[in-house]
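One file, coords.cif, carrying mmCIF, N, CA and C atoms and all ligand atoms:
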```cif
data_start
#
loop_
_atom_site.label_atom_id
_atom_site.label_comp_id
_atom_site.auth_asym_id
_atom_site.auth_seq_id
_atom_site.Cartn_x
_atom_site.Cartn_y
_atom_site.Cartn_z
N MET A 24 5.42 -25.42 -19.03
CA MET A 24 4.57 -25.99 -17.98
C MET A 24 3.99 -24.91 -17.07
N ARG A 25 4.81 -23.89 -16.77
CA ARG A 25 4.36 -22.92 -15.78
C ARG A 25 3.47 -21.83 -16.36
N LEU A 26 3.68 -21.54 -17.63
CA LEU A 26 3.02 -20.38 -18.22
C LEU A 26 1.51 -20.55 -18.29
N VAL A 27 1.05 -21.74 -18.66
CA VAL A 27 -0.39 -21.94 -18.87
C VAL A 27 -1.20 -21.77 -17.58
N PRO A 28 -0.81 -22.43 -16.46
CA PRO A 28 -1.59 -22.20 -15.22
C PRO A 28 -1.60 -20.75 -14.77
N LEU A 29 -0.48 -20.04 -14.95
CA LEU A 29 -0.44 -18.63 -14.56
C LEU A 29 -1.43 -17.81 -15.37
N LEU A 30 -1.49 -18.08 -16.65
CA LEU A 30 -2.43 -17.34 -17.50
C LEU A 30 -3.87 -17.65 -17.11
N LEU A 31 -4.15 -18.90 -16.80
CA LEU A 31 -5.51 -19.27 -16.38
C LEU A 31 -5.88 -18.57 -15.09
N LEU A 32 -4.93 -18.53 -14.14
CA LEU A 32 -5.18 -17.87 -12.87
C LEU A 32 -5.48 -16.39 -13.08
N ALA A 33 -4.66 -15.75 -13.91
CA ALA A 33 -4.85 -14.32 -14.15
C ALA A 33 -6.23 -14.06 -14.76
N ALA A 34 -6.69 -14.97 -15.59
CA ALA A 34 -7.99 -14.77 -16.24
C ALA A 34 -9.14 -14.92 -15.24
N CYS A 35 -8.92 -15.68 -14.16
CA CYS A 35 -10.01 -15.96 -13.22
C CYS A 35 -10.10 -14.93 -12.10
N VAL A 36 -9.04 -14.20 -11.83
CA VAL A 36 -9.05 -13.27 -10.70
C VAL A 36 -9.49 -11.89 -11.18
N PRO A 37 -10.57 -11.38 -10.60
CA PRO A 37 -10.99 -10.04 -11.02
C PRO A 37 -9.94 -9.00 -10.63
N MET A 38 -9.68 -8.07 -11.52
CA MET A 38 -8.63 -7.09 -11.28
C MET A 38 -9.08 -6.03 -10.28
N GLU A 39 -10.37 -5.76 -10.24
CA GLU A 39 -10.87 -4.72 -9.35
C GLU A 39 -11.56 -5.35 -8.15
N HIS A 40 -11.31 -4.79 -6.97
CA HIS A 40 -12.04 -5.14 -5.76
C HIS A 40 -11.92 -6.61 -5.39
N SER A 41 -10.81 -7.26 -5.75
CA SER A 41 -10.63 -8.65 -5.34
C SER A 41 -10.40 -8.73 -3.84
N PHE A 42 -10.16 -7.59 -3.19
CA PHE A 42 -9.93 -7.54 -1.75
C PHE A 42 -11.23 -7.48 -0.97
N LEU A 43 -12.36 -7.36 -1.66
CA LEU A 43 -13.62 -7.13 -0.97
C LEU A 43 -14.71 -7.99 -1.60
N GLU A 44 -15.33 -8.82 -0.76
CA GLU A 44 -16.40 -9.68 -1.27
C GLU A 44 -17.55 -9.63 -0.28
N VAL A 45 -18.76 -9.44 -0.77
CA VAL A 45 -19.93 -9.37 0.10
C VAL A 45 -20.74 -10.65 -0.04
N ARG A 46 -20.91 -11.33 1.08
CA ARG A 46 -21.80 -12.50 1.08
C ARG A 46 -23.20 -12.01 1.37
N PRO A 47 -24.11 -12.15 0.41
CA PRO A 47 -25.42 -11.50 0.53
C PRO A 47 -26.29 -12.12 1.61
N GLY A 48 -27.15 -11.27 2.19
CA GLY A 48 -28.17 -11.76 3.10
C GLY A 48 -29.39 -12.20 2.33
N ALA A 49 -30.48 -12.41 3.04
CA ALA A 49 -31.68 -12.94 2.42
C ALA A 49 -32.63 -11.85 1.92
N LEU A 50 -32.68 -10.73 2.62
CA LEU A 50 -33.77 -9.78 2.40
C LEU A 50 -33.38 -8.60 1.53
N TYR A 51 -32.21 -8.01 1.77
CA TYR A 51 -31.83 -6.76 1.10
C TYR A 51 -30.63 -6.98 0.18
N ASP A 52 -30.49 -6.06 -0.78
CA ASP A 52 -29.25 -5.98 -1.55
C ASP A 52 -28.34 -4.98 -0.85
N VAL A 53 -27.09 -5.36 -0.65
CA VAL A 53 -26.15 -4.47 0.02
C VAL A 53 -24.90 -4.34 -0.85
N ASP A 54 -24.64 -3.12 -1.32
CA ASP A 54 -23.42 -2.82 -2.08
C ASP A 54 -22.42 -2.19 -1.11
N VAL A 55 -21.16 -2.62 -1.21
CA VAL A 55 -20.14 -2.13 -0.27
C VAL A 55 -18.94 -1.62 -1.04
N THR A 56 -18.43 -0.46 -0.63
CA THR A 56 -17.14 0.02 -1.10
C THR A 56 -16.29 0.33 0.13
N VAL A 57 -14.99 0.44 -0.08
CA VAL A 57 -14.09 0.72 1.05
C VAL A 57 -13.14 1.85 0.68
N GLU A 58 -12.84 2.68 1.66
CA GLU A 58 -11.83 3.74 1.52
C GLU A 58 -10.81 3.57 2.64
N PRO A 59 -9.51 3.62 2.36
CA PRO A 59 -8.94 3.74 1.01
C PRO A 59 -9.14 2.47 0.20
N ASP A 60 -8.96 2.57 -1.08
CA ASP A 60 -9.22 1.50 -2.03
C ASP A 60 -7.96 1.32 -2.90
N PRO A 61 -7.22 0.22 -2.69
CA PRO A 61 -7.42 -0.91 -1.78
C PRO A 61 -7.14 -0.55 -0.32
N PRO A 62 -7.75 -1.32 0.60
CA PRO A 62 -7.65 -0.98 2.01
C PRO A 62 -6.28 -1.27 2.61
N VAL A 63 -5.86 -0.42 3.54
CA VAL A 63 -4.64 -0.65 4.32
C VAL A 63 -5.01 -0.54 5.79
N ALA A 64 -4.18 -1.14 6.65
CA ALA A 64 -4.45 -1.08 8.09
C ALA A 64 -4.43 0.37 8.56
N GLY A 65 -5.29 0.67 9.54
CA GLY A 65 -5.45 2.04 10.02
C GLY A 65 -6.90 2.46 9.82
N ASP A 66 -7.10 3.73 9.59
CA ASP A 66 -8.47 4.24 9.46
C ASP A 66 -9.09 3.81 8.14
N LEU A 67 -10.20 3.07 8.26
CA LEU A 67 -10.94 2.60 7.09
C LEU A 67 -12.38 3.09 7.17
N THR A 68 -12.99 3.31 6.02
CA THR A 68 -14.43 3.55 5.97
C THR A 68 -15.05 2.58 4.97
N LEU A 69 -16.00 1.80 5.47
CA LEU A 69 -16.80 0.94 4.59
C LEU A 69 -18.12 1.66 4.34
N ARG A 70 -18.49 1.79 3.09
CA ARG A 70 -19.76 2.43 2.75
C ARG A 70 -20.72 1.37 2.22
N MET A 71 -21.89 1.30 2.86
CA MET A 71 -22.90 0.33 2.46
C MET A 71 -24.10 1.06 1.89
N PHE A 72 -24.60 0.55 0.76
CA PHE A 72 -25.87 1.02 0.23
C PHE A 72 -26.85 -0.14 0.33
N VAL A 73 -27.91 0.07 1.11
CA VAL A 73 -28.91 -0.98 1.36
C VAL A 73 -30.14 -0.68 0.51
N SER A 74 -30.55 -1.66 -0.28
CA SER A 74 -31.72 -1.47 -1.12
C SER A 74 -32.56 -2.73 -1.16
N ASP A 75 -33.81 -2.54 -1.58
CA ASP A 75 -34.77 -3.65 -1.68
C ASP A 75 -35.47 -3.50 -3.02
N GLU A 76 -35.15 -4.39 -3.94
CA GLU A 76 -35.68 -4.32 -5.31
C GLU A 76 -35.47 -2.94 -5.90
N GLY A 77 -34.27 -2.39 -5.69
CA GLY A 77 -33.89 -1.12 -6.28
C GLY A 77 -34.26 0.10 -5.46
N GLU A 78 -35.09 -0.07 -4.43
CA GLU A 78 -35.50 1.05 -3.59
C GLU A 78 -34.58 1.15 -2.37
N PRO A 79 -34.03 2.35 -2.10
CA PRO A 79 -33.17 2.52 -0.93
C PRO A 79 -33.92 2.19 0.36
N VAL A 80 -33.20 1.63 1.33
CA VAL A 80 -33.79 1.28 2.63
C VAL A 80 -33.14 2.14 3.71
N PRO A 81 -33.78 3.26 4.09
CA PRO A 81 -33.27 4.07 5.19
C PRO A 81 -33.81 3.58 6.52
N GLY A 82 -33.28 4.15 7.59
CA GLY A 82 -33.82 3.90 8.93
C GLY A 82 -33.38 2.60 9.57
N CYS A 83 -32.29 2.00 9.07
CA CYS A 83 -31.81 0.75 9.67
C CYS A 83 -30.85 1.07 10.82
N ALA A 84 -31.00 0.32 11.91
CA ALA A 84 -29.96 0.29 12.93
C ALA A 84 -28.94 -0.76 12.48
N VAL A 85 -27.67 -0.39 12.40
CA VAL A 85 -26.65 -1.30 11.87
C VAL A 85 -25.64 -1.61 12.97
N GLY A 86 -25.51 -2.89 13.29
CA GLY A 86 -24.50 -3.35 14.24
C GLY A 86 -23.40 -4.05 13.49
N VAL A 87 -22.14 -3.70 13.79
CA VAL A 87 -21.02 -4.24 13.03
C VAL A 87 -20.03 -4.92 13.96
N MET A 88 -19.59 -6.12 13.57
CA MET A 88 -18.57 -6.83 14.32
C MET A 88 -17.46 -7.26 13.36
N ALA A 89 -16.21 -7.00 13.74
CA ALA A 89 -15.07 -7.40 12.93
C ALA A 89 -14.35 -8.57 13.59
N MET A 90 -13.98 -9.57 12.78
CA MET A 90 -13.25 -10.74 13.29
C MET A 90 -12.15 -11.10 12.29
N MET A 91 -11.06 -11.64 12.80
CA MET A 91 -10.05 -12.28 11.94
C MET A 91 -10.18 -13.78 12.16
N PRO A 92 -10.89 -14.47 11.26
CA PRO A 92 -11.15 -15.90 11.51
C PRO A 92 -9.88 -16.75 11.62
N GLU A 93 -8.85 -16.44 10.84
CA GLU A 93 -7.62 -17.24 10.88
C GLU A 93 -6.82 -16.98 12.16
N HIS A 94 -7.02 -15.84 12.79
CA HIS A 94 -6.27 -15.50 14.00
C HIS A 94 -7.10 -15.68 15.27
N GLY A 95 -8.41 -15.83 15.12
CA GLY A 95 -9.27 -16.05 16.27
C GLY A 95 -9.42 -14.85 17.19
N HIS A 96 -9.32 -13.64 16.63
CA HIS A 96 -9.54 -12.46 17.47
C HIS A 96 -10.46 -11.47 16.79
N GLY A 97 -10.94 -10.53 17.60
CA GLY A 97 -11.87 -9.53 17.11
C GLY A 97 -11.17 -8.29 16.62
N GLY A 98 -11.97 -7.24 16.45
CA GLY A 98 -11.49 -6.04 15.78
C GLY A 98 -10.78 -5.05 16.66
N MET A 99 -10.58 -5.37 17.95
CA MET A 99 -9.82 -4.54 18.91
C MET A 99 -10.55 -3.25 19.29
N ASN A 100 -11.31 -2.67 18.38
CA ASN A 100 -12.04 -1.45 18.70
C ASN A 100 -13.34 -1.47 17.92
N ASP A 101 -14.29 -0.67 18.37
CA ASP A 101 -15.64 -0.76 17.82
C ASP A 101 -15.80 0.10 16.56
N PRO A 102 -16.29 -0.49 15.48
CA PRO A 102 -16.64 0.31 14.32
C PRO A 102 -17.79 1.26 14.67
N VAL A 103 -17.77 2.46 14.11
CA VAL A 103 -18.80 3.46 14.35
C VAL A 103 -19.64 3.62 13.08
N VAL A 104 -20.94 3.41 13.23
CA VAL A 104 -21.84 3.44 12.07
C VAL A 104 -22.61 4.75 12.05
N THR A 105 -22.64 5.39 10.89
CA THR A 105 -23.39 6.63 10.70
C THR A 105 -24.35 6.45 9.53
N GLU A 106 -25.63 6.70 9.78
CA GLU A 106 -26.58 6.67 8.66
C GLU A 106 -26.49 7.99 7.92
N GLU A 107 -26.35 7.91 6.59
CA GLU A 107 -26.15 9.12 5.79
C GLU A 107 -27.36 9.43 4.92
N GLY A 108 -28.45 8.66 5.06
CA GLY A 108 -29.67 8.93 4.31
C GLY A 108 -29.73 8.17 3.00
N ASP A 109 -30.95 7.99 2.48
CA ASP A 109 -31.19 7.34 1.18
C ASP A 109 -30.53 5.97 1.07
N GLY A 110 -30.53 5.22 2.17
CA GLY A 110 -30.00 3.86 2.13
C GLY A 110 -28.50 3.76 2.29
N ASP A 111 -27.82 4.92 2.50
CA ASP A 111 -26.37 4.92 2.66
C ASP A 111 -25.98 4.88 4.14
N TYR A 112 -25.01 4.02 4.44
CA TYR A 112 -24.49 3.88 5.80
C TYR A 112 -22.97 3.85 5.73
N ALA A 113 -22.33 4.61 6.62
CA ALA A 113 -20.87 4.63 6.65
C ALA A 113 -20.39 3.95 7.93
N ILE A 114 -19.43 3.07 7.79
CA ILE A 114 -18.83 2.36 8.92
C ILE A 114 -17.38 2.81 9.03
N ALA A 115 -17.08 3.56 10.09
CA ALA A 115 -15.70 4.02 10.31
C ALA A 115 -15.03 3.09 11.31
N TRP A 116 -13.83 2.65 10.98
CA TRP A 116 -13.17 1.65 11.84
C TRP A 116 -11.66 1.79 11.72
N LYS A 117 -10.99 1.70 12.85
CA LYS A 117 -9.53 1.68 12.84
C LYS A 117 -9.08 0.24 12.81
N CYS A 118 -8.67 -0.22 11.64
CA CYS A 118 -8.28 -1.63 11.45
C CYS A 118 -6.89 -1.84 12.04
N PRO A 119 -6.76 -2.76 13.03
CA PRO A 119 -5.49 -2.87 13.75
C PRO A 119 -4.41 -3.68 13.05
N MET A 120 -4.75 -4.48 12.03
CA MET A 120 -3.68 -5.25 11.36
C MET A 120 -4.10 -5.67 9.96
N ALA A 121 -3.08 -5.89 9.13
CA ALA A 121 -3.33 -6.37 7.78
C ALA A 121 -3.76 -7.83 7.83
N GLY A 122 -4.43 -8.28 6.78
CA GLY A 122 -4.84 -9.67 6.67
C GLY A 122 -6.31 -9.79 6.30
N HIS A 123 -6.86 -11.00 6.52
CA HIS A 123 -8.24 -11.29 6.15
C HIS A 123 -9.18 -11.00 7.31
N TRP A 124 -10.09 -10.08 7.09
CA TRP A 124 -11.10 -9.74 8.09
C TRP A 124 -12.47 -10.16 7.61
N GLU A 125 -13.29 -10.57 8.58
CA GLU A 125 -14.68 -10.89 8.31
C GLU A 125 -15.51 -9.86 9.07
N ILE A 126 -16.19 -9.00 8.33
CA ILE A 126 -16.98 -7.93 8.92
C ILE A 126 -18.45 -8.33 8.81
N THR A 127 -19.10 -8.52 9.96
CA THR A 127 -20.51 -8.92 9.96
C THR A 127 -21.36 -7.71 10.30
N ALA A 128 -22.30 -7.40 9.41
CA ALA A 128 -23.20 -6.26 9.62
C ALA A 128 -24.62 -6.79 9.82
N ASP A 129 -25.17 -6.51 11.00
CA ASP A 129 -26.56 -6.86 11.30
C ASP A 129 -27.42 -5.63 11.03
N LEU A 130 -28.41 -5.82 10.17
CA LEU A 130 -29.30 -4.72 9.77
C LEU A 130 -30.65 -4.91 10.43
N ASP A 131 -31.05 -3.91 11.21
CA ASP A 131 -32.37 -3.94 11.84
C ASP A 131 -33.16 -2.77 11.25
N CYS A 132 -33.94 -3.07 10.22
CA CYS A 132 -34.59 -2.04 9.40
C CYS A 132 -36.10 -2.07 9.64
N PRO A 133 -36.79 -0.97 9.30
CA PRO A 133 -38.25 -0.94 9.51
C PRO A 133 -38.96 -2.08 8.81
N SER A 134 -38.43 -2.56 7.67
CA SER A 134 -39.11 -3.60 6.91
C SER A 134 -38.51 -4.99 7.16
N GLY A 135 -37.69 -5.14 8.21
CA GLY A 135 -37.19 -6.47 8.54
C GLY A 135 -35.70 -6.48 8.81
N THR A 136 -35.21 -7.57 9.37
CA THR A 136 -33.80 -7.69 9.73
C THR A 136 -33.07 -8.57 8.73
N ASP A 137 -31.79 -8.33 8.59
CA ASP A 137 -30.96 -9.11 7.68
C ASP A 137 -29.52 -9.04 8.18
N GLN A 138 -28.68 -9.88 7.62
CA GLN A 138 -27.26 -9.88 7.97
C GLN A 138 -26.43 -10.10 6.71
N VAL A 139 -25.39 -9.30 6.56
CA VAL A 139 -24.44 -9.53 5.47
C VAL A 139 -23.05 -9.69 6.08
N VAL A 140 -22.21 -10.46 5.38
CA VAL A 140 -20.83 -10.65 5.81
C VAL A 140 -19.91 -10.15 4.71
N ILE A 141 -18.96 -9.32 5.09
CA ILE A 141 -18.01 -8.73 4.15
C ILE A 141 -16.65 -9.35 4.40
N ASP A 142 -16.10 -9.99 3.37
CA ASP A 142 -14.71 -10.48 3.44
C ASP A 142 -13.82 -9.37 2.96
N LEU A 143 -12.91 -8.93 3.82
CA LEU A 143 -12.07 -7.79 3.51
C LEU A 143 -10.61 -8.21 3.65
N HIS A 144 -9.85 -8.02 2.59
CA HIS A 144 -8.43 -8.35 2.62
C HIS A 144 -7.63 -7.06 2.67
N VAL A 145 -7.02 -6.84 3.83
CA VAL A 145 -6.34 -5.57 4.11
C VAL A 145 -4.84 -5.76 3.92
N ASP A 146 -4.20 -4.86 3.16
CA ASP A 146 -2.75 -4.91 2.94
C ASP A 146 -2.00 -4.39 4.16
CU CU B 201 -5.00 -10.83 13.36
#
```
Would it be possible to restate this file's structure as C-alpha cells?
Ligand SMILES: [Cu+2]
Amino acid sequence: MRLVPLLLLAACVPMEHSFLEVRPGALYDVDVTVEPDPPVAGDLTLRMFVSDEGEPVPGCAVGVMAMMPEHGHGGMNDPVVTEEGDGDYAIAWKCPMAGHWEITADLDCPSGTDQVVIDLHVD
C-alpha cells in the first residue's frame, strides 16, 4: 500500500532546485539561481538574469522585498541589489531564518516595469 504512492511522489518532485520556484511576470523572462545551492539561513545571493525574447535587459532599477507568508513577517534586513551588466543582477541578503520565503522583485527597466515572485525554501 505504501510503496506505490511514495514512488509516484518521487517521480513528480524535481530533484534539482525544488527549493526555488520563480513565478513569472508579464513582460520579461527572469532566470534565478541561489548561492549557496541549496540555500541555508545566513548570507545568500540570488542571481537574476533578466531578458526579453532572448535579449538581455540591462539598466533596471530592482527593488526587493522578502516576506515569510506563513509567519507574517518580513526579511528583517534589506537585500542589497547590484547590477552586474548584460542583464545580470545580484541580490545579497542575510536570511534570518530557515523556512519558506517569498521574495518579490520589482523591476523598473528602460523598456517597462515588471514584477516577479521567487518562492525560496531555505534549510
Ligand atoms: Cu519566519
If you take only N, CA and C atoms and all ligand atoms and a cut-off of 7 Å, which residues of chain A touch ligand CU 201 (chain B), and what are their nearest atom pairs and distances in Å to one decimal, in chain and number order, as JSON lines?
```
{"residue": "A:Met91", "atom": "CA", "partner": "B:CU201", "partner_atom": "CU", "distance": 5.4}
{"residue": "A:Glu93", "atom": "C", "partner": "B:CU201", "partner_atom": "CU", "distance": 6.5}
{"residue": "A:His94", "atom": "CA", "partner": "B:CU201", "partner_atom": "CU", "distance": 4.9}
{"residue": "A:Gly95", "atom": "N", "partner": "B:CU201", "partner_atom": "CU", "distance": 6.3}
{"residue": "A:His96", "atom": "N", "partner": "B:CU201", "partner_atom": "CU", "distance": 6.1}
{"residue": "A:Met120", "atom": "CA", "partner": "B:CU201", "partner_atom": "CU", "distance": 6.1}
{"residue": "A:Ala121", "atom": "C", "partner": "B:CU201", "partner_atom": "CU", "distance": 6.4}
{"residue": "A:Gly122", "atom": "CA", "partner": "B:CU201", "partner_atom": "CU", "distance": 6.8}
```
Just the residues within 6.5 Å of A:Gly48, please, counting all atoms listed in the file, with nothing from its chain fewer than 4 positions along; format it as a PyMOL selection string.
chain A and resi 137-140
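In terms of minimum interatomic distance to A:Pro81, A:Gly110 ranks closest within A:Thr136, A:Asp129, A:Gly110, A:Asp142, counting all atoms listed in the file.
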I'd like the contact shell of stretch 84-88 of chain A - 12 Å cut-off, only C-alpha atoms, skipping same-chain residues fewer than 4 positions apart - returned as a count of residues only.
43
Listed atoms of stretch 58-63 of chain A, axis-aligned box, 3 Å per side: centre and edge lengths to one decimal in Å, as AutoDock Vina command-line options?
```
--center_x -8.7 --center_y 1.2 --center_z 1.4 --size_x 14.2 --size_y 11.1 --size_z 14.7
```
The distance between atom CA of A:Pro59 and atom CA of A:His123 is 15.9 Å
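A straight line drawn from atom CA of A:Thr68 to atom CA of A:Val145 is 12.3 Å long.
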For the point (-7.7, 3.5, 12.8) in file coordinates, what residues are within 7 Å, counting only C-alpha atoms? Give the answer as a VMD selection string?
chain A and resid 65 to 67 116 to 119
So which residues touch stretch 75-78 of chain A within 10 Å, counting only C-alpha atoms, skipping near sequence neighbours fewer than 5 positions away, as an mmCIF file with N, CA and C atoms, keeping the file's coordinate frame?
```
data_model
loop_
_atom_site.group_PDB
_atom_site.id
_atom_site.type_symbol
_atom_site.label_atom_id
_atom_site.label_comp_id
_atom_site.auth_asym_id
_atom_site.auth_seq_id
_atom_site.Cartn_x
_atom_site.Cartn_y
_atom_site.Cartn_z
ATOM 1 N N LEU A 50 -32.680 -10.730 2.620
ATOM 2 C CA LEU A 50 -33.770 -9.780 2.400
ATOM 3 C C LEU A 50 -33.380 -8.600 1.530
ATOM 4 N N TYR A 51 -32.210 -8.010 1.770
ATOM 5 C CA TYR A 51 -31.830 -6.760 1.100
ATOM 6 C C TYR A 51 -30.630 -6.980 0.180
ATOM 7 N N ASP A 52 -30.490 -6.060 -0.780
ATOM 8 C CA ASP A 52 -29.250 -5.980 -1.550
ATOM 9 C C ASP A 52 -28.340 -4.980 -0.850
ATOM 10 N N VAL A 53 -27.090 -5.360 -0.650
ATOM 11 C CA VAL A 53 -26.150 -4.470 0.020
ATOM 12 C C VAL A 53 -24.900 -4.340 -0.850
ATOM 13 N N ASP A 109 -30.950 7.990 2.480
ATOM 14 C CA ASP A 109 -31.190 7.340 1.180
ATOM 15 C C ASP A 109 -30.530 5.970 1.070
ATOM 16 N N GLY A 110 -30.530 5.220 2.170
ATOM 17 C CA GLY A 110 -30.000 3.860 2.130
ATOM 18 C C GLY A 110 -28.500 3.760 2.290
ATOM 19 N N SER A 134 -38.430 -2.560 7.670
ATOM 20 C CA SER A 134 -39.110 -3.600 6.910
ATOM 21 C C SER A 134 -38.510 -4.990 7.160
#
```
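Non-sequential neighbours of A:Pro62 (distance at most 8 Å, separation of 2 or more positions within a chain, only C-alpha atoms) are Phe42, Val57, Glu58, Pro59, Asp60, Ala64, Leu67, His144, Val145 and Asp146 of chain A.
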Apply DSSP to the backbone of this structure and, from chain A, keep only the residues in strand (DSSP E); write these as a ChimeraX atom specification.
/A:43-46,52-58,65-75,78-79,84-91,96-97,103-108,111-118,122-132,135-145
As a PyMOL selection string, please: every residue in chain A that a backbone DSSP assignment puts in helix (DSSP H, G or I).
chain A and resi 26-35
Take the residues just selected and output them with N, CA and C atoms as an mmCIF file, in the frame of the given file.
```
data_model
loop_
_atom_site.group_PDB
_atom_site.id
_atom_site.type_symbol
_atom_site.label_atom_id
_atom_site.label_comp_id
_atom_site.auth_asym_id
_atom_site.auth_seq_id
_atom_site.Cartn_x
_atom_site.Cartn_y
_atom_site.Cartn_z
ATOM 1 N N LEU A 26 3.680 -21.540 -17.630
ATOM 2 C CA LEU A 26 3.020 -20.380 -18.220
ATOM 3 C C LEU A 26 1.510 -20.550 -18.290
ATOM 4 N N VAL A 27 1.050 -21.740 -18.660
ATOM 5 C CA VAL A 27 -0.390 -21.940 -18.870
ATOM 6 C C VAL A 27 -1.200 -21.770 -17.580
ATOM 7 N N PRO A 28 -0.810 -22.430 -16.460
ATOM 8 C CA PRO A 28 -1.590 -22.200 -15.220
ATOM 9 C C PRO A 28 -1.600 -20.750 -14.770
ATOM 10 N N LEU A 29 -0.480 -20.040 -14.950
ATOM 11 C CA LEU A 29 -0.440 -18.630 -14.560
ATOM 12 C C LEU A 29 -1.430 -17.810 -15.370
ATOM 13 N N LEU A 30 -1.490 -18.080 -16.650
ATOM 14 C CA LEU A 30 -2.430 -17.340 -17.500
ATOM 15 C C LEU A 30 -3.870 -17.650 -17.110
ATOM 16 N N LEU A 31 -4.150 -18.900 -16.800
ATOM 17 C CA LEU A 31 -5.510 -19.270 -16.380
ATOM 18 C C LEU A 31 -5.880 -18.570 -15.090
ATOM 19 N N LEU A 32 -4.930 -18.530 -14.140
ATOM 20 C CA LEU A 32 -5.180 -17.870 -12.870
ATOM 21 C C LEU A 32 -5.480 -16.390 -13.080
ATOM 22 N N ALA A 33 -4.660 -15.750 -13.910
ATOM 23 C CA ALA A 33 -4.850 -14.320 -14.150
ATOM 24 C C ALA A 33 -6.230 -14.060 -14.760
ATOM 25 N N ALA A 34 -6.690 -14.970 -15.590
ATOM 26 C CA ALA A 34 -7.990 -14.770 -16.240
ATOM 27 C C ALA A 34 -9.140 -14.920 -15.240
ATOM 28 N N CYS A 35 -8.920 -15.680 -14.160
ATOM 29 C CA CYS A 35 -10.010 -15.960 -13.220
ATOM 30 C C CYS A 35 -10.100 -14.930 -12.100
#
```
Atom CA of A:Pro92 to atom C of A:Asp54, straight-line distance in Å:
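So the answer is 21.8 Å.
Residue nearest A:Gly108 within the list A:Pro79, A:Met90, A:Glu44, A:Thr56: A:Pro79 [criterion: smallest interatomic distance, only N, CA and C atoms].
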